[in-house]
file structure27.cif (mmCIF, C-alpha atoms and all ligand atoms)
data_input
loop_
_atom_site.label_atom_id
_atom_site.label_comp_id
_atom_site.auth_asym_id
_atom_site.auth_seq_id
_atom_site.Cartn_x
_atom_site.Cartn_y
_atom_site.Cartn_z
CA MET A 1 -16.29 -15.00 -5.82
CA THR A 2 -16.22 -18.51 -4.40
CA LEU A 3 -16.10 -17.49 -0.78
CA GLN A 4 -18.20 -19.47 1.71
CA LYS A 5 -19.14 -17.75 4.97
CA LYS A 6 -18.20 -19.91 7.97
CA THR A 7 -20.33 -20.45 11.05
CA PRO A 8 -18.69 -18.57 13.93
CA LEU A 9 -17.68 -20.39 17.13
CA THR A 10 -19.44 -17.68 19.19
CA ASP A 11 -23.15 -18.18 20.12
CA THR A 12 -24.02 -15.11 18.05
CA PRO A 13 -21.81 -13.38 15.49
CA LEU A 14 -19.56 -10.67 16.92
CA SER A 15 -20.24 -7.12 15.78
CA THR A 16 -17.24 -5.18 14.48
CA ILE A 17 -16.69 -1.59 13.35
CA ILE A 18 -13.88 -0.87 10.92
CA VAL A 19 -12.79 2.76 10.83
CA GLY A 20 -11.56 3.49 7.29
CA ALA A 21 -12.41 1.89 3.95
CA GLY A 22 -8.83 1.77 2.65
CA LEU A 23 -7.30 -1.43 1.28
CA GLY A 24 -6.41 -2.67 4.78
CA GLY A 25 -9.85 -1.95 6.25
CA LEU A 26 -11.64 -3.64 3.33
CA ALA A 27 -9.44 -6.75 3.56
CA ALA A 28 -10.22 -6.96 7.28
CA ALA A 29 -13.93 -6.64 6.49
CA ILE A 30 -13.84 -9.50 3.95
CA SER A 31 -11.94 -11.77 6.31
CA ILE A 32 -14.16 -11.00 9.32
CA LEU A 33 -17.31 -11.56 7.23
CA GLU A 34 -15.84 -14.80 5.85
CA ASN A 35 -15.38 -15.92 9.44
CA GLY A 36 -19.08 -15.42 10.12
CA HIS A 37 -19.10 -12.10 12.00
CA LYS A 38 -20.75 -8.74 11.27
CA VAL A 39 -19.04 -5.62 9.92
CA THR A 40 -19.90 -1.92 9.76
CA ILE A 41 -17.35 0.25 7.94
CA LEU A 42 -17.17 3.94 8.88
CA GLU A 43 -15.47 5.97 6.15
CA GLN A 44 -14.89 9.70 6.38
CA ALA A 45 -15.08 10.34 2.61
CA PRO A 46 -18.53 11.50 1.50
CA ALA A 47 -18.43 8.96 -1.34
CA ILE A 48 -16.07 6.26 -2.55
CA GLY A 49 -14.51 7.52 -5.77
CA GLU A 50 -11.52 7.24 -8.09
CA ILE A 51 -8.41 7.25 -5.94
CA GLY A 52 -4.67 7.30 -6.47
CA ALA A 53 -2.65 5.84 -9.30
CA GLY A 54 -0.96 2.47 -9.78
CA ILE A 55 -0.21 -0.04 -7.06
CA GLN A 56 1.93 -3.16 -7.05
CA VAL A 57 0.41 -6.24 -5.47
CA PRO A 58 3.03 -8.81 -4.43
CA PRO A 59 2.22 -12.54 -4.03
CA ASN A 60 1.74 -12.32 -0.25
CA ALA A 61 -1.36 -10.19 -0.99
CA SER A 62 -2.44 -11.79 -4.29
CA ARG A 63 -2.49 -15.20 -2.57
CA LEU A 64 -5.24 -13.87 -0.28
CA LEU A 65 -7.25 -12.70 -3.30
CA GLN A 66 -6.95 -16.24 -4.68
CA HIS A 67 -8.18 -17.66 -1.38
CA TRP A 68 -11.28 -15.45 -1.62
CA GLY A 69 -11.85 -16.41 -5.26
CA LEU A 70 -11.24 -12.80 -6.32
CA ASP A 71 -8.30 -13.59 -8.61
CA GLU A 72 -10.47 -13.73 -11.74
CA ARG A 73 -11.79 -10.24 -11.04
CA MET A 74 -8.22 -9.09 -10.40
CA ASN A 75 -6.97 -10.70 -13.64
CA ALA A 76 -9.60 -8.71 -15.53
CA VAL A 77 -8.35 -5.31 -14.33
CA SER A 78 -4.62 -5.82 -13.81
CA THR A 79 -1.44 -6.57 -15.72
CA LEU A 80 1.09 -9.30 -14.96
CA PRO A 81 4.62 -7.88 -15.24
CA GLN A 82 6.97 -10.42 -16.77
CA THR A 83 10.25 -8.92 -15.57
CA CYS A 84 11.71 -6.39 -13.16
CA THR A 85 14.60 -4.39 -14.67
CA MET A 86 17.03 -2.26 -12.65
CA ARG A 87 18.72 0.52 -14.62
CA ARG A 88 21.48 3.06 -14.06
CA PHE A 89 20.01 6.58 -13.88
CA ALA A 90 22.39 8.33 -16.27
CA ASP A 91 21.96 6.18 -19.37
CA GLY A 92 19.32 3.59 -18.55
CA SER A 93 21.87 0.76 -18.90
CA VAL A 94 20.59 -2.47 -17.44
CA LEU A 95 22.02 -3.61 -14.10
CA ASN A 96 19.73 -6.57 -13.52
CA VAL A 97 16.65 -8.28 -14.95
CA ALA A 98 14.65 -10.53 -12.61
CA PRO A 99 11.85 -12.75 -13.93
CA LEU A 100 8.39 -12.21 -12.37
CA TYR A 101 5.86 -14.04 -14.51
CA PRO A 102 5.36 -16.95 -14.53
CA SER A 103 8.28 -17.54 -12.16
CA PHE A 104 6.58 -15.89 -9.13
CA VAL A 105 3.55 -18.14 -9.61
CA GLU A 106 5.88 -21.14 -9.68
CA ARG A 107 7.86 -19.96 -6.61
CA PHE A 108 5.12 -18.43 -4.45
CA GLY A 109 1.90 -19.91 -5.82
CA ALA A 110 0.52 -16.47 -6.69
CA PRO A 111 1.37 -13.71 -9.18
CA TYR A 112 2.75 -10.18 -8.88
CA TYR A 113 0.07 -7.80 -10.14
CA HIS A 114 0.03 -4.18 -11.27
CA VAL A 115 -3.36 -2.55 -10.91
CA HIS A 116 -4.96 0.88 -10.70
CA ARG A 117 -5.64 1.51 -7.01
CA ALA A 118 -9.25 2.47 -7.83
CA ASP A 119 -9.83 -0.93 -9.51
CA TYR A 120 -8.26 -2.84 -6.60
CA HIS A 121 -10.29 -0.83 -4.12
CA LYS A 122 -13.55 -1.39 -6.04
CA LEU A 123 -12.89 -5.12 -6.25
CA LEU A 124 -12.48 -5.38 -2.45
CA LEU A 125 -15.39 -3.03 -1.73
CA ASP A 126 -17.74 -4.99 -4.03
CA ALA A 127 -16.77 -8.20 -2.19
CA CYS A 128 -17.50 -6.56 1.19
CA VAL A 129 -20.93 -5.44 0.05
CA GLU A 130 -21.73 -8.86 -1.48
CA LEU A 131 -20.79 -10.47 1.86
CA GLY A 132 -23.12 -8.14 3.75
CA ALA A 133 -20.93 -5.33 5.14
CA GLU A 134 -22.67 -2.11 6.05
CA LEU A 135 -20.77 0.90 4.63
CA VAL A 136 -21.38 4.33 6.12
CA THR A 137 -19.73 7.17 4.19
CA GLY A 138 -19.31 10.73 5.49
CA ALA A 139 -18.56 9.22 8.91
CA PHE A 140 -15.45 10.93 10.31
CA VAL A 141 -14.56 9.17 13.57
CA THR A 142 -13.52 11.67 16.22
CA LYS A 143 -13.33 9.55 19.37
CA VAL A 144 -13.26 5.92 20.50
CA ASP A 145 -14.49 4.68 23.89
CA PHE A 146 -12.32 1.58 24.25
CA GLU A 147 -13.96 0.23 27.42
CA ASN A 148 -17.48 0.29 25.98
CA GLY A 149 -16.84 -0.33 22.28
CA LYS A 150 -18.22 3.02 21.12
CA CYS A 151 -17.20 5.07 18.11
CA TYR A 152 -18.15 8.74 17.90
CA THR A 153 -18.40 10.44 14.51
CA ALA A 154 -18.54 14.15 13.68
CA ALA A 155 -22.00 13.67 12.14
CA ARG A 156 -23.48 11.81 15.16
CA LEU A 157 -21.84 13.30 18.23
CA ASP A 158 -24.49 12.07 20.70
CA GLU A 159 -25.31 8.79 19.02
CA PRO A 160 -22.16 6.65 18.85
CA TYR A 161 -21.85 3.47 16.81
CA GLU A 162 -21.34 0.42 19.06
CA ALA A 163 -19.68 -2.95 18.51
CA ASP A 164 -17.91 -5.79 20.30
CA LEU A 165 -14.68 -4.83 18.50
CA ILE A 166 -13.46 -1.64 16.81
CA ILE A 167 -10.63 -1.73 14.28
CA GLY A 168 -8.69 1.45 13.49
CA ALA A 169 -7.78 1.22 9.80
CA ASP A 170 -7.74 4.97 9.23
CA GLY A 171 -4.35 5.41 7.61
CA VAL A 172 -1.16 7.31 8.34
CA ASN A 173 -2.92 10.28 10.00
CA SER A 174 -5.04 7.96 12.15
CA LYS A 175 -7.40 9.58 14.63
CA THR A 176 -8.08 6.25 16.34
CA ARG A 177 -4.35 5.74 16.92
CA GLU A 178 -4.25 9.16 18.55
CA CYS A 179 -7.12 8.06 20.83
CA LEU A 180 -5.13 4.98 21.89
CA LEU A 181 -1.59 6.37 22.09
CA GLY A 182 -2.02 10.12 22.45
CA PRO A 183 -0.78 12.66 19.92
CA ASP A 184 2.27 11.37 18.02
CA PRO A 185 2.07 12.88 14.54
CA PRO A 186 3.78 11.01 11.68
CA THR A 187 7.28 12.18 10.88
CA PRO A 188 8.49 13.21 7.41
CA THR A 189 10.92 10.73 5.87
CA GLY A 190 12.72 13.44 3.89
CA ASP A 191 11.33 12.14 0.59
CA LEU A 192 8.34 12.92 -1.59
CA ALA A 193 6.61 11.15 -4.47
CA TYR A 194 5.35 12.48 -7.80
CA ARG A 195 2.90 10.21 -9.59
CA LEU A 196 2.28 10.50 -13.33
CA ILE A 197 0.10 8.46 -15.67
CA VAL A 198 0.81 8.60 -19.41
CA PRO A 199 -1.36 6.97 -22.13
CA ALA A 200 0.63 3.96 -23.36
CA ASP A 201 -0.34 4.73 -26.99
CA LYS A 202 1.71 7.93 -26.86
CA MET A 203 4.75 5.85 -25.89
CA LYS A 204 4.12 3.14 -28.52
CA ASP A 205 4.40 5.81 -31.22
CA ILE A 206 7.90 6.82 -30.09
CA PRO A 207 10.36 4.09 -31.20
CA GLU A 208 12.79 4.46 -28.25
CA LEU A 209 9.93 4.24 -25.72
CA ALA A 210 8.08 1.30 -27.28
CA GLU A 211 10.16 -1.26 -25.31
CA PHE A 212 8.53 -0.02 -22.07
CA VAL A 213 4.96 -0.61 -23.24
CA ASN A 214 5.24 -3.58 -25.59
CA ALA A 215 5.03 -6.07 -22.72
CA PRO A 216 4.14 -5.65 -19.04
CA ALA A 217 7.29 -5.14 -16.93
CA ILE A 218 8.63 -3.01 -14.07
CA ASN A 219 11.51 -0.66 -14.75
CA PHE A 220 13.52 1.05 -12.02
CA TRP A 221 16.05 3.84 -12.59
CA LEU A 222 18.42 4.22 -9.60
CA GLY A 223 20.22 7.54 -9.08
CA PRO A 224 21.59 9.94 -6.50
CA ASP A 225 18.89 10.84 -3.91
CA CYS A 226 16.10 9.72 -6.29
CA HIS A 227 14.69 6.72 -8.04
CA VAL A 228 11.94 6.19 -10.59
CA VAL A 229 9.55 3.28 -11.10
CA GLY A 230 7.49 2.70 -14.25
CA TYR A 231 4.93 0.05 -15.18
CA LEU A 232 1.82 -0.58 -17.28
CA LEU A 233 -1.73 -0.44 -15.92
CA ARG A 234 -5.26 -1.27 -17.08
CA GLY A 235 -4.55 -3.98 -19.65
CA GLY A 236 -1.54 -2.02 -20.88
CA GLY A 237 -3.46 1.16 -21.73
CA LEU A 238 -1.70 3.41 -19.23
CA TYR A 239 1.91 3.84 -18.10
CA ASN A 240 2.30 4.63 -14.40
CA ILE A 241 5.42 6.52 -13.32
CA VAL A 242 6.41 7.21 -9.72
CA LEU A 243 9.31 9.58 -9.01
CA LEU A 244 10.82 9.42 -5.53
CA CYS A 245 12.91 12.47 -4.62
CA PRO A 246 13.97 14.67 -1.71
CA ASP A 247 11.10 16.45 0.06
CA THR A 248 10.78 20.08 -1.11
CA LEU A 249 7.27 20.88 0.18
CA SER A 250 7.28 24.50 1.28
CA ASP A 251 4.78 23.90 4.12
CA PRO A 252 6.33 21.42 6.59
CA ASN A 253 2.84 20.40 7.78
CA ALA A 254 1.30 19.82 4.34
CA LYS A 255 0.58 16.23 3.24
CA THR A 256 0.44 17.20 -0.43
CA GLU A 257 1.30 20.33 -2.35
CA LYS A 258 0.89 21.53 -5.91
CA GLY A 259 4.28 21.51 -7.65
CA ASP A 260 5.65 22.88 -10.86
CA ALA A 261 6.19 20.28 -13.63
CA ALA A 262 9.27 22.21 -14.81
CA GLU A 263 10.82 21.91 -11.33
CA MET A 264 10.14 18.16 -11.36
CA LEU A 265 11.67 17.76 -14.82
CA SER A 266 14.77 19.73 -13.85
CA LEU A 267 15.55 17.06 -11.21
CA PHE A 268 15.84 14.46 -13.97
CA GLU A 269 17.59 16.53 -16.67
CA GLN A 270 20.80 14.51 -16.41
CA TRP A 271 19.00 11.13 -16.35
CA ASP A 272 18.42 8.54 -19.09
CA PRO A 273 17.13 10.51 -22.15
CA LYS A 274 14.41 7.85 -22.62
CA LEU A 275 13.12 8.56 -19.15
CA THR A 276 13.11 12.34 -19.59
CA ARG A 277 11.32 11.90 -22.93
CA MET A 278 8.71 9.79 -21.13
CA LEU A 279 8.24 12.38 -18.39
CA LYS A 280 7.68 15.14 -20.95
CA LEU A 281 4.69 13.22 -22.35
CA ASP A 282 2.76 14.39 -19.31
CA THR A 283 1.96 17.90 -20.43
CA SER A 284 0.14 19.28 -17.38
CA PRO A 285 2.00 22.35 -16.03
CA THR A 286 1.43 21.30 -12.41
CA VAL A 287 2.10 18.08 -10.54
CA VAL A 288 1.21 16.94 -7.02
CA LYS A 289 3.96 16.39 -4.47
CA TRP A 290 3.08 13.66 -1.91
CA LYS A 291 5.04 13.90 1.31
CA LEU A 292 6.17 10.45 2.45
CA MET A 293 5.62 9.93 6.16
CA ASN A 294 6.77 7.40 8.72
CA ARG A 295 6.35 6.80 12.44
CA GLU A 296 8.35 5.51 15.32
CA GLU A 297 7.36 1.96 16.23
CA ALA A 298 4.32 2.10 18.53
CA PRO A 299 4.50 0.62 22.06
CA LYS A 300 1.20 -1.21 21.50
CA TRP A 301 -1.24 -2.02 18.71
CA VAL A 302 -4.32 -2.98 20.73
CA HIS A 303 -6.28 -1.92 23.80
CA GLU A 304 -5.86 -4.39 26.65
CA GLY A 305 -9.64 -4.51 27.19
CA GLY A 306 -9.89 -6.51 23.94
CA ARG A 307 -12.21 -4.16 22.09
CA PHE A 308 -9.82 -2.21 19.89
CA ALA A 309 -6.97 -2.94 17.45
CA LEU A 310 -5.07 -0.90 14.86
CA LEU A 311 -3.97 -2.11 11.42
CA GLY A 312 -2.17 -0.96 8.28
CA ASP A 313 -0.70 2.53 7.90
CA ALA A 314 -2.45 3.58 11.14
CA ILE A 315 0.10 1.51 13.05
CA HIS A 316 3.07 0.87 10.71
CA PRO A 317 3.32 3.35 7.80
CA THR A 318 6.31 2.66 5.58
CA LEU A 319 8.27 4.17 2.72
CA PRO A 320 6.84 2.66 -0.48
CA TYR A 321 10.29 1.37 -1.56
CA LEU A 322 9.40 -2.31 -1.26
CA ALA A 323 5.87 -1.66 -2.64
CA SER A 324 4.47 -3.44 0.37
CA GLY A 325 2.54 -0.99 2.61
CA ALA A 326 -0.86 -2.02 1.30
CA ALA A 327 0.14 -5.69 1.12
CA ILE A 328 0.99 -5.79 4.83
CA ALA A 329 -2.18 -3.83 5.66
CA VAL A 330 -4.15 -6.55 3.82
CA GLU A 331 -2.22 -9.25 5.72
CA ASP A 332 -3.08 -7.52 9.04
CA GLY A 333 -6.76 -7.54 8.13
CA VAL A 334 -6.72 -11.24 7.28
CA ALA A 335 -4.81 -12.09 10.47
CA LEU A 336 -7.51 -10.33 12.50
CA GLY A 337 -10.36 -12.02 10.61
CA GLU A 338 -8.81 -15.47 11.02
CA LEU A 339 -8.26 -14.92 14.76
CA LEU A 340 -11.90 -13.84 15.17
CA GLY A 341 -12.84 -17.10 13.48
CA ARG A 342 -11.21 -18.92 16.41
CA VAL A 343 -12.84 -16.88 19.20
CA ARG A 344 -15.58 -18.68 21.18
CA SER A 345 -16.86 -15.69 23.19
CA VAL A 346 -16.24 -11.97 23.66
CA GLU A 347 -14.23 -12.87 26.78
CA GLU A 348 -11.57 -14.34 24.47
CA LEU A 349 -11.11 -11.10 22.52
CA PRO A 350 -8.25 -9.72 24.69
CA THR A 351 -6.26 -12.93 24.08
CA ALA A 352 -7.04 -12.88 20.35
CA LEU A 353 -5.86 -9.27 20.05
CA ALA A 354 -2.69 -9.97 22.05
CA ILE A 355 -1.92 -12.85 19.66
CA TYR A 356 -2.63 -10.55 16.69
CA GLU A 357 -0.05 -8.01 17.92
CA ARG A 358 2.52 -10.71 18.70
CA LEU A 359 2.06 -12.34 15.30
CA ARG A 360 2.12 -9.23 13.18
CA LYS A 361 4.59 -6.86 14.82
CA PRO A 362 7.85 -8.69 13.97
CA ARG A 363 6.73 -9.13 10.36
CA THR A 364 5.69 -5.50 9.78
CA THR A 365 8.79 -4.16 11.59
CA ARG A 366 10.92 -6.16 9.14
CA VAL A 367 9.07 -4.77 6.12
CA VAL A 368 9.20 -1.15 7.38
CA GLN A 369 12.93 -1.45 8.10
CA GLY A 370 13.54 -3.19 4.78
CA SER A 371 11.80 -0.33 2.94
CA THR A 372 14.03 2.23 4.66
CA ASN A 373 17.14 0.15 3.83
CA GLN A 374 16.01 0.04 0.22
CA ARG A 375 16.22 3.84 0.14
CA THR A 376 19.95 3.69 0.97
CA LEU A 377 20.47 1.07 -1.72
CA PHE A 378 18.45 2.90 -4.41
CA HIS A 379 19.62 6.48 -3.77
CA MET A 380 23.43 6.08 -3.76
CA HIS A 381 25.60 8.81 -5.24
CA ASP A 382 28.21 7.66 -7.74
CA GLY A 383 31.23 6.29 -5.92
CA ALA A 384 32.76 3.11 -4.53
CA GLU A 385 29.56 1.93 -2.80
CA GLN A 386 27.46 2.48 -5.92
CA VAL A 387 30.00 0.62 -8.09
CA LYS A 388 29.90 -2.29 -5.62
CA ARG A 389 26.06 -2.26 -5.68
CA ASP A 390 25.95 -2.22 -9.49
CA GLU A 391 28.52 -5.01 -9.79
CA LYS A 392 26.53 -7.12 -7.36
CA MET A 393 23.35 -6.55 -9.34
CA LYS A 394 25.12 -7.47 -12.58
CA ALA A 395 26.60 -10.61 -11.00
CA MET A 396 23.11 -11.66 -9.89
CA GLU A 397 21.91 -11.00 -13.44
CA ALA A 398 24.64 -13.32 -14.72
CA GLY A 399 23.60 -15.89 -12.13
CA VAL A 400 26.83 -15.46 -10.12
CA GLY A 401 26.23 -15.42 -6.35
CA GLY A 402 23.54 -13.43 -4.54
P1 LIG B 501 -5.38 4.04 3.78
O1 LIG B 501 -5.28 3.49 2.42
O2 LIG B 501 -4.76 5.37 4.03
O3 LIG B 501 -6.93 4.10 4.17
C1 LIG B 501 -7.39 4.78 5.29
C2 LIG B 501 -8.87 5.08 5.11
O4 LIG B 501 -9.38 5.64 6.32
C3 LIG B 501 -9.14 6.12 4.02
O5 LIG B 501 -10.21 5.68 3.21
C4 LIG B 501 -9.51 7.38 4.81
O6 LIG B 501 -10.39 8.23 4.10
C5 LIG B 501 -10.18 6.77 6.05
N1 LIG B 501 -10.13 7.61 7.25
C6 LIG B 501 -9.08 8.35 7.70
N2 LIG B 501 -9.39 8.95 8.87
C7 LIG B 501 -10.68 8.57 9.17
C8 LIG B 501 -11.55 8.85 10.26
N3 LIG B 501 -11.15 9.61 11.30
N4 LIG B 501 -12.79 8.33 10.24
C9 LIG B 501 -13.21 7.53 9.21
N5 LIG B 501 -12.40 7.24 8.14
C10 LIG B 501 -11.15 7.73 8.14
N6 LIG B 501 1.74 -0.26 -1.08
C11 LIG B 501 1.80 -1.44 -1.76
O7 LIG B 501 1.48 -2.50 -1.20
N7 LIG B 501 2.20 -1.46 -3.07
C12 LIG B 501 2.57 -0.33 -3.75
O8 LIG B 501 2.93 -0.38 -4.92
C13 LIG B 501 2.53 0.91 -3.05
N8 LIG B 501 2.88 2.06 -3.68
C14 LIG B 501 2.82 3.24 -2.99
C15 LIG B 501 3.22 4.41 -3.66
C16 LIG B 501 3.18 5.63 -2.99
C17 LIG B 501 3.64 6.88 -3.71
C18 LIG B 501 2.71 5.67 -1.65
C19 LIG B 501 2.63 6.98 -0.91
C20 LIG B 501 2.31 4.51 -0.98
C21 LIG B 501 2.37 3.28 -1.65
N9 LIG B 501 2.00 2.08 -1.02
C22 LIG B 501 2.08 0.90 -1.69
C23 LIG B 501 1.55 2.09 0.40
C24 LIG B 501 0.03 2.02 0.48
O9 LIG B 501 -0.56 3.04 -0.28
C25 LIG B 501 -0.44 2.13 1.93
O10 LIG B 501 0.39 1.37 2.77
C26 LIG B 501 -1.88 1.61 2.05
O11 LIG B 501 -2.74 2.39 1.26
C27 LIG B 501 -2.34 1.62 3.51
O12 LIG B 501 -3.67 1.16 3.56
P2 LIG B 501 -4.57 1.46 4.82
O13 LIG B 501 -5.87 0.79 4.55
O14 LIG B 501 -3.85 1.14 6.07
O15 LIG B 501 -4.75 3.05 4.86
#
call {"tool": "encode", "arguments": {"input": "structure27.cif", "output": "structure tokens", "more": "lines below"}}
Ligand code: FAD
result
Amino acid sequence: MTLQKKTPLTDTPLSTIIVGAGLGGLAAAISILENGHKVTILEQAPAIGEIGAGIQVPPNASRLLQHWGLDERMNAVSTLPQTCTMRRFADGSVLNVAPLYPSFVERFGAPYYHVHRADYHKLLLDACVELGAELVTGAFVTKVDFENGKCYTAARLDEPYEADLIIGADGVNSKTRECLLGPDPPTPTGDLAYRLIVPADKMKDIPELAEFVNAPAINFWLGPDCHVVGYLLRGGGLYNIVLLCPDTLSDPNAKTEKGDAAEMLSLFEQWDPKLTRMLKLDTSPTVVKWKLMNREEAPKWVHEGGRFALLGDAIHPTLPYLASGAAIAVEDGVALGELLGRVRSVEELPTALAIYERLRKPRTTRVVQGSTNQRTLFHMHDGAEQVKRDEKMKAMEAGVGG
């Protein structure tokens, strides 16, 4: 890491608490530390462990890793997809192939990465620790006192943590958001995700599947009410598959539920035989269903007293259909860190937070809306609209119009 800590403009460094050690919270921590201030991260999990499956990191986020000098570490644990291929669900026929590497580096100055979420998370967490963040695990935040900068945790009810600024980065079911805005539980989007990881070697041995693992690439299959995304992870050793389908969780309040692999497979029976073959390589009888949640746009992101701000999924959860939820959470964190680097005293915090909200809200609203629009585009039933979509994709492939 080549990162140099700057001298803050304040007489003494500001103290900050970040609630939640997710990707957004950790990016905020790095940026705030880079700008010369202090960070304590309160994370509810008893320990930081292996989490999730694959994640796509677009150039708007990978550019920030470059800025921190973390790109070499990222290169070591990720893959660089060369192309993005859109396919018709029924037979896998190609609708469009878009180049990603090296063309994204040429166009945007930074690559599109695929990485295991655990590796990405570790890379950011290691950087936080190297820069001097204090990480407290097993710290479930129950209440925030916005006026006095106090954070109460379940484990220390009478002894709150205190800071000049508290940042709520506690994800889609955010407790700190509830403290600011009152109860407004996230709403189901009507979709769920299944996530599978298959050893790439198993696919290499099957001639019709080898094309998916011979070189890093993203493949999408677009079909009625569902779509599927597949890509390589961990130097090409694993194949990550995400299936996006209508929500069938039996408990309307559950965030996840154990599902039957046979039920999942039955949804894709009429799809590209290569895809169904791939899905059958995962032999576990059960699969996890992840409910995909959203929220209405919040009236405010920050407390007017200047001592509290929300970021990431806590304020703008999104469908993962543009693969951008984490990327915009990381952007939020960096925007906050950079603004703190321009603050000369605690008295300027209310202005800094107001600027943060004004800067970020239009951008994240666009991404959230774009992700919802993508659902309409991806999940069309066969018919006139779908034919028009496919023809447009093919015309783009042939370089005719946009
Ligand atoms: P989180 O990652 O949810 O982190 C919140 C943290 O806060 C957690 O560590 C949690 O334990 C902690 N916490 C919660 N409550 C408390 C509390 N009260 N006290 C203390 N700690 C607390 N995004 C992309 O950019 N690219 C992708 O390819 C992509 N794919 C996705 C695929 C799927 C199937 C899904 C569901 C999402 C995907 N996303 C993707 C979106 C991405 O996962 C989220 O947008 C991102 O993780 C949000 O980060 P965050 O830091 O805001 O919240």
call {"tool": "atom_distance", "arguments": {"input": "structure27.cif", "atom1": "atom C22 of ligand LIG 501 (chain B)", "atom2": "CA of Arg277 (chain A)"}}
result
25.6 Å
call {"tool": "axis_aligned_box", "arguments": {"input": "structure27.cif", "around": "region 355-365 of chain A", "padding_each_side": "4 Å", "output": "AutoDock Vina command-line options"}}
result
--center_x 3.1 --center_y -8.5 --center_z 14.7 --size_x 19.4 --size_y 16.7 --size_z 17.9
call {"tool": "closest_residue", "arguments": {"input": "structure27.cif", "among": "A:His316, A:Arg73, A:Lys143, A:Lys6", "to": "Gly24 (chain A)", "atoms": "all atoms listed in the file"}}
result
A:His316
call {"tool": "closest_residue", "arguments": {"input": "structure27.cif", "among": "A:Leu26, A:Ile166, A:Met293, A:Val94", "to": "Gly306 (chain A)", "atoms": "all atoms listed in the file"}}
result
A:Ile166
call {"tool": "closest_residue", "arguments": {"input": "structure27.cif", "among": "A:Gln369, A:Asn214, A:Asn148, A:Asn294", "to": "ligand LIG 501 (chain B)", "atoms": "only C-alpha atoms and all ligand atoms"}}
result
A:Asn294
call {"tool": "residues_near_ligand", "arguments": {"input": "structure27.cif", "ligand": "ligand LIG 501 (chain B)", "cutoff": "8 Å", "atoms": "all atoms listed in the file", "output": "ChimeraX atom specification"}}
result
/A:19-26,42-45,54-58,114,138-142,153,169-176,192-195,242,244,290-292,311-314,317-330
call {"tool": "closest_residue", "arguments": {"input": "structure27.cif", "among": "A:Leu196, A:Leu232, A:Ile17, A:Leu135", "to": "Ala215 (chain A)", "atoms": "only C-alpha atoms"}}
result
A:Leu232
call {"tool": "atom_distance", "arguments": {"input": "structure27.cif", "atom1": "CA of Leu123 (chain A)", "atom2": "CA of Phe104 (chain A)"}}
result
22.4 Å
call {"tool": "atom_distance", "arguments": {"input": "structure27.cif", "atom1": "CA of Pro102 (chain A)", "atom2": "CA of His116 (chain A)"}}
result
21.0 Å
call {"tool": "residues_near_point", "arguments": {"input": "structure27.cif", "point": "(4.0, 11.3, -15.1)", "cutoff": "9 Å", "atoms": "all atoms listed in the file", "output": "list in words"}}
result
Tyr194, Arg195, Leu196, Ile197, Val198, Tyr239, Asn240, Ile241, Val242, Leu243, Met278, Leu279, Lys280, Leu281, Asp282, Thr283 and Val287 of chain A
call {"tool": "residues_near_point", "arguments": {"input": "structure27.cif", "point": "(-14.1, -6.0, -4.8)", "cutoff": "10 Å", "atoms": "all atoms listed in the file", "output": "short mmCIF file (atom, residue, chain, number, x, y, z; two decimals) with C-alpha atoms, in the frame of the given file"}}
result
data_model
loop_
_atom_site.label_atom_id
_atom_site.label_comp_id
_atom_site.auth_asym_id
_atom_site.auth_seq_id
_atom_site.Cartn_x
_atom_site.Cartn_y
_atom_site.Cartn_z
CA MET A 1 -16.29 -15.00 -5.82
CA LEU A 26 -11.64 -3.64 3.33
CA ALA A 27 -9.44 -6.75 3.56
CA ILE A 30 -13.84 -9.50 3.95
CA LEU A 65 -7.25 -12.70 -3.30
CA LEU A 70 -11.24 -12.80 -6.32
CA ARG A 73 -11.79 -10.24 -11.04
CA MET A 74 -8.22 -9.09 -10.40
CA ASP A 119 -9.83 -0.93 -9.51
CA TYR A 120 -8.26 -2.84 -6.60
CA HIS A 121 -10.29 -0.83 -4.12
CA LYS A 122 -13.55 -1.39 -6.04
CA LEU A 123 -12.89 -5.12 -6.25
CA LEU A 124 -12.48 -5.38 -2.45
CA LEU A 125 -15.39 -3.03 -1.73
CA ASP A 126 -17.74 -4.99 -4.03
CA ALA A 127 -16.77 -8.20 -2.19
CA CYS A 128 -17.50 -6.56 1.19
CA VAL A 129 -20.93 -5.44 0.05
CA GLU A 130 -21.73 -8.86 -1.48
#
call {"tool": "closest_residue", "arguments": {"input": "structure27.cif", "among": "A:Pro59, A:Pro224, A:Gly36, A:Pro207", "to": "Asp11 (chain A)", "atoms": "all atoms listed in the file"}}
result
A:Gly36
call {"tool": "residues_around", "arguments": {"input": "structure27.cif", "residues": "region 339-346 of chain A", "least_positions_apart": "6", "cutoff": "6 Å", "atoms": "all atoms listed in the file", "output": "list in words"}}
result
Leu9, Thr10 and Asn35 of chain A
call {"tool": "closest_residue", "arguments": {"input": "structure27.cif", "among": "A:Gln270, A:Thr40, A:Ser31, A:Ser78", "to": "Val136 (chain A)", "atoms": "all atoms listed in the file"}}
result
A:Thr40
